[in-house]
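The file data.pdb comes next; it holds PDB, C-alpha atoms and all ligand atoms.
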```
ATOM      1  CA  MET A 271       0.000   0.000   0.000  1.00  0.00           C
ATOM      2  CA  ASP A 272       1.568   3.306  -1.014  1.00  0.00           C
ATOM      3  CA  LYS A 273       1.500   6.413   1.175  1.00  0.00           C
ATOM      4  CA  GLU A 274      -1.297   8.038  -0.829  1.00  0.00           C
ATOM      5  CA  GLU A 275      -3.536   4.971  -0.509  1.00  0.00           C
ATOM      6  CA  LYS A 276      -2.989   4.915   3.262  1.00  0.00           C
ATOM      7  CA  THR A 277      -4.210   8.488   3.659  1.00  0.00           C
ATOM      8  CA  ARG A 278      -7.033   8.435   1.114  1.00  0.00           C
ATOM      9  CA  GLY A 279      -9.613   6.858   3.405  1.00  0.00           C
ATOM     10  CA  ALA A 280      -9.592   9.661   6.011  1.00  0.00           C
ATOM     11  CA  ASP A 281     -13.083  10.966   6.840  1.00  0.00           C
ATOM     12  CA  LEU A 282     -12.845  14.678   6.139  1.00  0.00           C
ATOM     13  CA  THR A 283     -16.342  15.332   7.518  1.00  0.00           C
ATOM     14  CA  ARG A 284     -14.873  15.092  10.999  1.00  0.00           C
ATOM     15  CA  VAL A 285     -11.980  17.359   9.965  1.00  0.00           C
ATOM     16  CA  ASN A 286     -14.534  19.959   8.865  1.00  0.00           C
ATOM     17  CA  GLU A 287     -16.347  19.730  12.229  1.00  0.00           C
ATOM     18  CA  LEU A 288     -13.118  20.163  14.158  1.00  0.00           C
ATOM     19  CA  VAL A 289     -11.956  23.042  11.979  1.00  0.00           C
ATOM     20  CA  THR A 290     -15.253  24.872  12.479  1.00  0.00           C
ATOM     21  CA  GLU A 291     -15.026  24.360  16.227  1.00  0.00           C
ATOM     22  CA  TYR A 292     -11.447  25.634  16.449  1.00  0.00           C
ATOM     23  CA  SER A 293     -11.693  28.449  13.893  1.00  0.00           C
ATOM     24  CA  GLN A 294     -13.579  30.537  16.457  1.00  0.00           C
ATOM     25  CA  GLN A 295     -10.511  30.528  18.692  1.00  0.00           C
ATOM     26  CA  LYS A 296      -7.462  32.721  18.532  1.00  0.00           C
ATOM     27  CA  TRP A 297      -4.142  30.852  18.195  1.00  0.00           C
ATOM     28  CA  ALA A 298      -6.093  27.731  17.293  1.00  0.00           C
ATOM     29  CA  LEU A 299      -3.731  26.119  14.804  1.00  0.00           C
ATOM     30  CA  ILE A 300      -1.576  23.913  17.056  1.00  0.00           C
ATOM     31  CA  PRO A 301      -4.418  22.699  19.327  1.00  0.00           C
ATOM     32  CA  LEU A 302      -6.465  21.959  16.201  1.00  0.00           C
ATOM     33  CA  LEU A 303      -3.626  19.980  14.611  1.00  0.00           C
ATOM     34  CA  GLN A 304      -3.177  18.032  17.844  1.00  0.00           C
ATOM     35  CA  LYS A 305      -6.893  17.307  18.037  1.00  0.00           C
ATOM     36  CA  ILE A 306      -6.990  16.051  14.438  1.00  0.00           C
ATOM     37  CA  GLN A 307      -3.951  13.873  15.090  1.00  0.00           C
ATOM     38  CA  ASP A 308      -5.517  12.488  18.292  1.00  0.00           C
ATOM     39  CA  GLU A 309      -8.586  11.438  16.366  1.00  0.00           C
ATOM     40  CA  PHE A 310      -6.967  10.130  13.172  1.00  0.00           C
ATOM     41  CA  GLY A 311      -3.552   9.079  14.464  1.00  0.00           C
ATOM     42  CA  TYR A 312      -2.020  11.548  11.978  1.00  0.00           C
ATOM     43  CA  ILE A 313      -2.972  14.703  10.071  1.00  0.00           C
ATOM     44  CA  PRO A 314      -4.429  13.697   6.701  1.00  0.00           C
ATOM     45  CA  PRO A 315      -2.675  15.838   4.050  1.00  0.00           C
ATOM     46  CA  GLN A 316      -6.077  16.519   2.427  1.00  0.00           C
ATOM     47  CA  SER A 317      -7.116  18.338   5.614  1.00  0.00           C
ATOM     48  CA  ILE A 318      -4.382  20.993   5.250  1.00  0.00           C
ATOM     49  CA  PRO A 319      -6.245  23.204   2.696  1.00  0.00           C
ATOM     50  CA  ILE A 320      -9.422  22.963   4.830  1.00  0.00           C
ATOM     51  CA  ILE A 321      -7.558  24.027   7.967  1.00  0.00           C
ATOM     52  CA  ALA A 322      -5.762  26.839   6.111  1.00  0.00           C
ATOM     53  CA  ARG A 323      -8.956  28.219   4.579  1.00  0.00           C
ATOM     54  CA  ASN A 324     -10.814  28.297   7.891  1.00  0.00           C
ATOM     55  CA  LEU A 325      -7.981  29.825   9.890  1.00  0.00           C
ATOM     56  CA  ARG A 326      -7.205  32.305   7.108  1.00  0.00           C
ATOM     57  CA  LEU A 327      -3.713  30.961   6.573  1.00  0.00           C
ATOM     58  CA  PHE A 328      -1.836  29.724   3.532  1.00  0.00           C
ATOM     59  CA  PRO A 329      -1.587  25.923   3.241  1.00  0.00           C
ATOM     60  CA  SER A 330       2.200  26.378   3.239  1.00  0.00           C
ATOM     61  CA  GLN A 331       1.957  28.013   6.697  1.00  0.00           C
ATOM     62  CA  VAL A 332       0.000  25.040   8.052  1.00  0.00           C
ATOM     63  CA  GLN A 333       2.461  22.645   6.436  1.00  0.00           C
ATOM     64  CA  GLY A 334       5.346  24.666   7.894  1.00  0.00           C
ATOM     65  CA  VAL A 335       4.004  24.272  11.435  1.00  0.00           C
ATOM     66  CA  ILE A 336       3.467  20.529  10.926  1.00  0.00           C
ATOM     67  CA  SER A 337       7.016  20.152   9.612  1.00  0.00           C
ATOM     68  CA  PHE A 338       8.437  22.135  12.530  1.00  0.00           C
ATOM     69  CA  TYR A 339       6.954  19.895  15.219  1.00  0.00           C
ATOM     70  CA  SER A 340       8.396  16.397  15.084  1.00  0.00           C
ATOM     71  CA  GLN A 341       5.389  15.079  17.055  1.00  0.00           C
ATOM     72  CA  LEU A 342       3.006  15.955  14.208  1.00  0.00           C
ATOM     73  CA  TYR A 343       2.657  13.450  11.369  1.00  0.00           C
ATOM     74  CA  THR A 344       1.038  13.557   7.940  1.00  0.00           C
ATOM     75  CA  GLN A 345       1.297   9.812   7.356  1.00  0.00           C
ATOM     76  CA  PRO A 346      -0.456   7.031   9.270  1.00  0.00           C
ATOM     77  CA  ARG A 347       1.767   5.326  11.801  1.00  0.00           C
ATOM     78  CA  GLY A 348       1.932   1.752  12.942  1.00  0.00           C
ATOM     79  CA  ARG A 349       0.101   0.567  16.062  1.00  0.00           C
ATOM     80  CA  LYS A 350       3.525   0.113  17.699  1.00  0.00           C
ATOM     81  CA  VAL A 351       6.321   2.631  17.235  1.00  0.00           C
ATOM     82  CA  VAL A 352       9.817   1.123  17.467  1.00  0.00           C
ATOM     83  CA  ARG A 353      12.485   3.636  18.478  1.00  0.00           C
ATOM     84  CA  VAL A 354      16.075   2.511  18.147  1.00  0.00           C
ATOM     85  CA  CYS A 355      18.590   4.602  20.067  1.00  0.00           C
ATOM     86  CA  ARG A 356      21.458   6.020  18.041  1.00  0.00           C
ATOM     87  CA  GLY A 357      23.059   7.848  20.990  1.00  0.00           C
ATOM     88  CA  THR A 358      26.742   7.454  21.835  1.00  0.00           C
ATOM     89  CA  ALA A 359      26.337   4.948  24.690  1.00  0.00           C
ATOM     90  CA  CYS A 360      24.158   2.703  22.551  1.00  0.00           C
ATOM     91  CA  HIS A 361      26.319   3.209  19.483  1.00  0.00           C
ATOM     92  CA  VAL A 362      29.511   2.023  21.199  1.00  0.00           C
ATOM     93  CA  ARG A 363      27.680  -1.040  22.515  1.00  0.00           C
ATOM     94  CA  GLY A 364      26.417  -2.219  19.153  1.00  0.00           C
ATOM     95  CA  GLY A 365      23.447   0.044  18.473  1.00  0.00           C
ATOM     96  CA  LYS A 366      24.211   0.118  14.768  1.00  0.00           C
ATOM     97  CA  THR A 367      23.920  -3.665  14.551  1.00  0.00           C
ATOM     98  CA  ILE A 368      20.686  -3.571  16.556  1.00  0.00           C
ATOM     99  CA  LEU A 369      19.220  -1.068  14.086  1.00  0.00           C
ATOM    100  CA  LYS A 370      20.304  -3.235  11.166  1.00  0.00           C
ATOM    101  CA  LEU A 371      18.661  -6.299  12.737  1.00  0.00           C
ATOM    102  CA  VAL A 372      15.413  -4.471  13.547  1.00  0.00           C
ATOM    103  CA  LYS A 373      15.244  -3.229   9.947  1.00  0.00           C
ATOM    104  CA  ARG A 374      15.781  -6.770   8.728  1.00  0.00           C
ATOM    105  CA  HIS A 375      13.134  -8.265  11.034  1.00  0.00           C
ATOM    106  CA  LEU A 376      10.533  -5.632  10.145  1.00  0.00           C
ATOM    107  CA  ASP A 377      11.652  -5.380   6.532  1.00  0.00           C
ATOM    108  CA  ILE A 378      11.396  -1.578   6.572  1.00  0.00           C
ATOM    109  CA  GLU A 379      13.762   1.379   6.715  1.00  0.00           C
ATOM    110  CA  GLU A 380      13.858   4.226   9.223  1.00  0.00           C
ATOM    111  CA  GLY A 381      10.732   6.383   9.017  1.00  0.00           C
ATOM    112  CA  GLU A 382       8.700   3.623   7.369  1.00  0.00           C
ATOM    113  CA  THR A 383       5.682   1.626   8.518  1.00  0.00           C
ATOM    114  CA  THR A 384       5.095  -2.060   7.868  1.00  0.00           C
ATOM    115  CA  PRO A 385       2.378  -2.692   5.237  1.00  0.00           C
ATOM    116  CA  ASP A 386       0.126  -4.293   7.913  1.00  0.00           C
ATOM    117  CA  MET A 387       0.366  -1.016   9.920  1.00  0.00           C
ATOM    118  CA  GLU A 388       1.751  -2.883  12.943  1.00  0.00           C
ATOM    119  CA  TYR A 389       5.149  -1.154  13.298  1.00  0.00           C
ATOM    120  CA  THR A 390       6.698   2.227  12.501  1.00  0.00           C
ATOM    121  CA  LEU A 391      10.476   2.415  12.803  1.00  0.00           C
ATOM    122  CA  GLU A 392      12.246   5.529  14.082  1.00  0.00           C
ATOM    123  CA  THR A 393      15.617   6.362  15.589  1.00  0.00           C
ATOM    124  CA  VAL A 394      16.146   8.718  18.520  1.00  0.00           C
ATOM    125  CA  ALA A 395      19.147  10.633  19.839  1.00  0.00           C
ATOM    126  CA  CYS A 396      18.936   9.124  23.365  1.00  0.00           C
ATOM    127  CA  ILE A 397      16.237   7.234  25.218  1.00  0.00           C
ATOM    128  CA  GLY A 398      17.621   8.370  28.573  1.00  0.00           C
ATOM    129  CA  VAL A 399      18.622   4.988  30.001  1.00  0.00           C
ATOM    130  CA  CYS A 400      22.194   4.897  28.703  1.00  0.00           C
ATOM    131  CA  ALA A 401      23.334   2.478  31.454  1.00  0.00           C
ATOM    132  CA  LEU A 402      21.208  -0.218  29.798  1.00  0.00           C
ATOM    133  CA  ALA A 403      22.699   0.350  26.330  1.00  0.00           C
ATOM    134  CA  PRO A 404      22.038  -0.684  23.686  1.00  0.00           C
ATOM    135  CA  ASN A 405      18.348   0.142  23.965  1.00  0.00           C
ATOM    136  CA  ILE A 406      15.193   0.238  21.944  1.00  0.00           C
ATOM    137  CA  VAL A 407      11.632   1.247  22.790  1.00  0.00           C
ATOM    138  CA  VAL A 408       8.706  -0.735  21.433  1.00  0.00           C
ATOM    139  CA  ALA A 409       5.242   0.725  22.044  1.00  0.00           C
ATOM    140  CA  ASP A 410       6.562   2.899  24.913  1.00  0.00           C
ATOM    141  CA  ARG A 411       8.315   0.006  26.663  1.00  0.00           C
ATOM    142  CA  VAL A 412      12.106   0.127  26.977  1.00  0.00           C
ATOM    143  CA  TYR A 413      14.158  -2.954  26.153  1.00  0.00           C
ATOM    144  CA  GLY A 414      17.765  -2.709  27.334  1.00  0.00           C
ATOM    145  CA  HIS A 415      21.003  -4.706  27.102  1.00  0.00           C
ATOM    146  CA  LEU A 416      19.951  -5.768  23.638  1.00  0.00           C
ATOM    147  CA  ASN A 417      21.728  -8.362  21.586  1.00  0.00           C
ATOM    148  CA  PRO A 418      20.804 -10.156  18.349  1.00  0.00           C
ATOM    149  CA  LYS A 419      19.035 -12.961  20.251  1.00  0.00           C
ATOM    150  CA  LYS A 420      16.828 -10.503  22.169  1.00  0.00           C
ATOM    151  CA  VAL A 421      15.946  -8.626  18.980  1.00  0.00           C
ATOM    152  CA  GLU A 422      14.947 -11.918  17.405  1.00  0.00           C
ATOM    153  CA  GLN A 423      12.758 -12.720  20.427  1.00  0.00           C
ATOM    154  CA  LEU A 424      11.062  -9.326  20.256  1.00  0.00           C
ATOM    155  CA  PHE A 425      10.083  -9.682  16.626  1.00  0.00           C
ATOM    156  CA  LYS A 426       9.852 -13.438  16.262  1.00  0.00           C
ATOM    157  CA  ASN A 427       6.159 -13.288  15.317  1.00  0.00           C
ATOM    158  CA  ARG A 428       7.204 -11.387  12.171  1.00  0.00           C
ATOM    159  CA  GLU A 429       9.191 -14.412  10.966  1.00  0.00           C
ATOM    160  CA  SER A 430       6.265 -16.827  11.232  1.00  0.00           C
ATOM    161  CA  GLY A 431       3.991 -14.397   9.391  1.00  0.00           C
ATOM    162  CA  GLU A 432       1.584 -14.012  12.370  1.00  0.00           C
TER     163      GLU A 432
HETATM  164  S1  LIG B   1      22.570   6.707  24.268  1.00  0.00           S
HETATM  165 FE1  LIG B   1      21.063   5.194  24.094  1.00  0.00          FE
HETATM  166  S2  LIG B   1      19.859   5.504  25.830  1.00  0.00           S
HETATM  167 FE2  LIG B   1      21.268   7.110  25.927  1.00  0.00          FE
END
```
Transcribe the structure of this file into structure tokens.
Amino acid sequence: MDKEEKTRGADLTRVNELVTEYSQQKWALIPLLQKIQDEFGYIPPQSIPIIARNLRLFPSQVQGVISFYSQLYTQPRGRKVVRVCRGTACHVRGGKTILKLVKRHLDIEEGETTPDMEYTLETVACIGVCALAPNIVVADRVYGHLNPKKVEQLFKNRESGE
């Protein structure tokens, strides 16, 4: 499924309702974007012209704000976000290999989502638990002292096609 197909099914009726509700407010753009993302899991790109029109902004201004905030997304994300640490402590303890293995198990690159929408893969500068390096986070749970065997255990259901 390509990126456009993933976003095509978004129900813009709800976007219109939210935009109307928030357009009465001053400084409404960021809360509105957050609200849309809370409801859809991302900000459907087709909603950007609607938001811009109602808040009397240019679509490029709305897009600029979305691009500025790394917590705002214009593509659907997987049910579980996998964050591999690329910080120094993790790097010197094999973080690069861990990232390579996670990519192989999920069969996606950084920033991508598996076709079944189960996993999105990201890297982060530091998870904040350097003493456990190398680390990854899967669906908000930290897994430390990783090695190839542990990575295999974490994603073993991917191998059997479950
Ligand atoms: S460098 Fe990986 S958790 Fe800090």
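A straight line drawn from atom CA of Leu371 of chain A to atom CA of Val421 of chain A is 7.2 Å long.
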Pull out every residue that the PyMOL selection byres (((not hetatm)) within 6 of (chain B and resi 1)) matches in the shown coordinates and put them as an MDAnalysis selection string. chainID A and resid 355 357:360 396:400 403:405
Determine the residue set returned by the PyMOL selection byres (((chain A and resi 303-308) around 10) and not hetatm) for the present structure, and present it as a list of chain:residue names. A:Arg284, A:Val285, A:Leu288, A:Val289, A:Tyr292, A:Ala298, A:Leu299, A:Ile300, A:Pro301, A:Leu302, A:Glu309, A:Phe310, A:Gly311, A:Tyr312, A:Ile313, A:Pro314, A:Ser317, A:Ile318, A:Ile321, A:Val332, A:Val335, A:Ile336, A:Gln341, A:Leu342, A:Tyr343, A:Thr344, A:Pro346
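Counting from atom CA of Leu282 of chain A, the distance to atom CA of Gln316 of chain A is 7.9 Å.
With only C-alpha atoms as the atoms that count, the residue of A:Gly348, A:Pro329, A:Glu388, A:Arg353 with the shortest distance to Asp410 of chain A is A:Arg353.
Reported to one decimal place, the separation of atom CA of Val362 of chain A from atom CA of Asp377 of chain A is 24.3 Å.
Taking only C-alpha atoms into account, Arg363 of chain A lies nearest to A:Leu402 out of the set A:Glu422, A:Val394, A:Leu402, A:Ala409.
Here the question is which of A:Thr283, A:Thr384, A:Asn324, A:Thr393 gets nearest to Arg356 of chain A using only C-alpha atoms, and that residue is A:Thr393.
In this comparison, which uses only C-alpha atoms, the residue of A:Gly364, A:Glu291, A:Leu369, A:Glu392 approaching Ser340 of chain A most closely is A:Glu392.
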Choose the residue, out of A:Val351, A:Leu325, A:Ile406, A:Ala401, that has the smallest atom-to-atom separation from Met387 of chain A; count only C-alpha atoms. A:Val351
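Distances here use only C-alpha atoms; by that measure, the residue among A:Leu376, A:Ile320, A:Val354, A:Val407 closest to Lys426 of chain A is A:Leu376.
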Anything within 10 Å of (15.6, -10.8, 15.8): list those residues as a list in words, counting all atoms listed in the file and sticking to the file's coordinates. Ile368, Leu371, Val372, Lys373, Arg374, His375, Leu376, Asn417, Pro418, Lys419, Lys420, Val421, Glu422, Gln423, Leu424, Phe425, Lys426, Asn427, Arg428 and Glu429 of chain A
Reconstruct segment 320-337 of chain A at the level of N, CA, C and O atoms, and format the result as a short mmCIF file (atom, residue, chain, number, x, y, z; two decimals), in the frame of the given file.
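The result, written out as selection-v2.cif:
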```
data_model
loop_
_atom_site.label_atom_id
_atom_site.label_comp_id
_atom_site.auth_asym_id
_atom_site.auth_seq_id
_atom_site.Cartn_x
_atom_site.Cartn_y
_atom_site.Cartn_z
N ILE A 320 -8.20 22.65 4.06
CA ILE A 320 -9.42 22.96 4.83
C ILE A 320 -9.05 23.77 6.06
O ILE A 320 -9.67 24.80 6.38
N ILE A 321 -8.02 23.33 6.76
CA ILE A 321 -7.56 24.03 7.97
C ILE A 321 -7.12 25.44 7.59
O ILE A 321 -7.50 26.43 8.23
N ALA A 322 -6.31 25.54 6.52
CA ALA A 322 -5.76 26.84 6.11
C ALA A 322 -6.89 27.83 5.78
O ALA A 322 -6.88 28.97 6.25
N ARG A 323 -7.86 27.34 5.00
CA ARG A 323 -8.96 28.22 4.58
C ARG A 323 -9.71 28.76 5.80
O ARG A 323 -9.99 29.94 5.90
N ASN A 324 -10.01 27.90 6.73
CA ASN A 324 -10.81 28.30 7.89
C ASN A 324 -10.06 29.17 8.88
O ASN A 324 -10.66 29.96 9.59
N LEU A 325 -8.76 29.00 8.96
CA LEU A 325 -7.98 29.82 9.89
C LEU A 325 -7.34 31.01 9.18
O LEU A 325 -6.50 31.72 9.75
N ARG A 326 -7.72 31.20 7.92
CA ARG A 326 -7.20 32.30 7.11
C ARG A 326 -5.66 32.30 7.04
O ARG A 326 -4.99 33.30 7.30
N LEU A 327 -5.16 31.13 6.74
CA LEU A 327 -3.71 30.96 6.57
C LEU A 327 -3.46 30.40 5.18
O LEU A 327 -4.39 29.93 4.51
N PHE A 328 -2.21 30.41 4.76
CA PHE A 328 -1.84 29.72 3.53
C PHE A 328 -1.57 28.26 3.89
O PHE A 328 -1.03 27.98 4.96
N PRO A 329 -1.90 27.33 2.97
CA PRO A 329 -1.59 25.92 3.24
C PRO A 329 -0.11 25.72 3.58
O PRO A 329 0.24 24.90 4.42
N SER A 330 0.76 26.52 2.96
CA SER A 330 2.20 26.38 3.24
C SER A 330 2.53 26.74 4.70
O SER A 330 3.46 26.21 5.29
N GLN A 331 1.73 27.66 5.29
CA GLN A 331 1.96 28.01 6.70
C GLN A 331 1.56 26.84 7.60
O GLN A 331 2.26 26.53 8.57
N VAL A 332 0.44 26.20 7.26
CA VAL A 332 0.00 25.04 8.05
C VAL A 332 1.03 23.92 7.91
O VAL A 332 1.47 23.32 8.89
N GLN A 333 1.46 23.68 6.67
CA GLN A 333 2.46 22.64 6.44
C GLN A 333 3.76 22.97 7.18
O GLN A 333 4.40 22.08 7.73
N GLY A 334 4.12 24.25 7.21
CA GLY A 334 5.35 24.67 7.89
C GLY A 334 5.30 24.34 9.38
O GLY A 334 6.29 23.87 9.95
N VAL A 335 4.15 24.57 10.00
CA VAL A 335 4.00 24.27 11.44
C VAL A 335 4.09 22.76 11.66
O VAL A 335 4.78 22.28 12.56
N ILE A 336 3.43 22.00 10.79
CA ILE A 336 3.47 20.53 10.93
C ILE A 336 4.91 20.03 10.79
O ILE A 336 5.36 19.19 11.57
N SER A 337 5.62 20.58 9.82
CA SER A 337 7.02 20.15 9.61
C SER A 337 7.91 20.53 10.79
O SER A 337 8.85 19.82 11.12
#
```
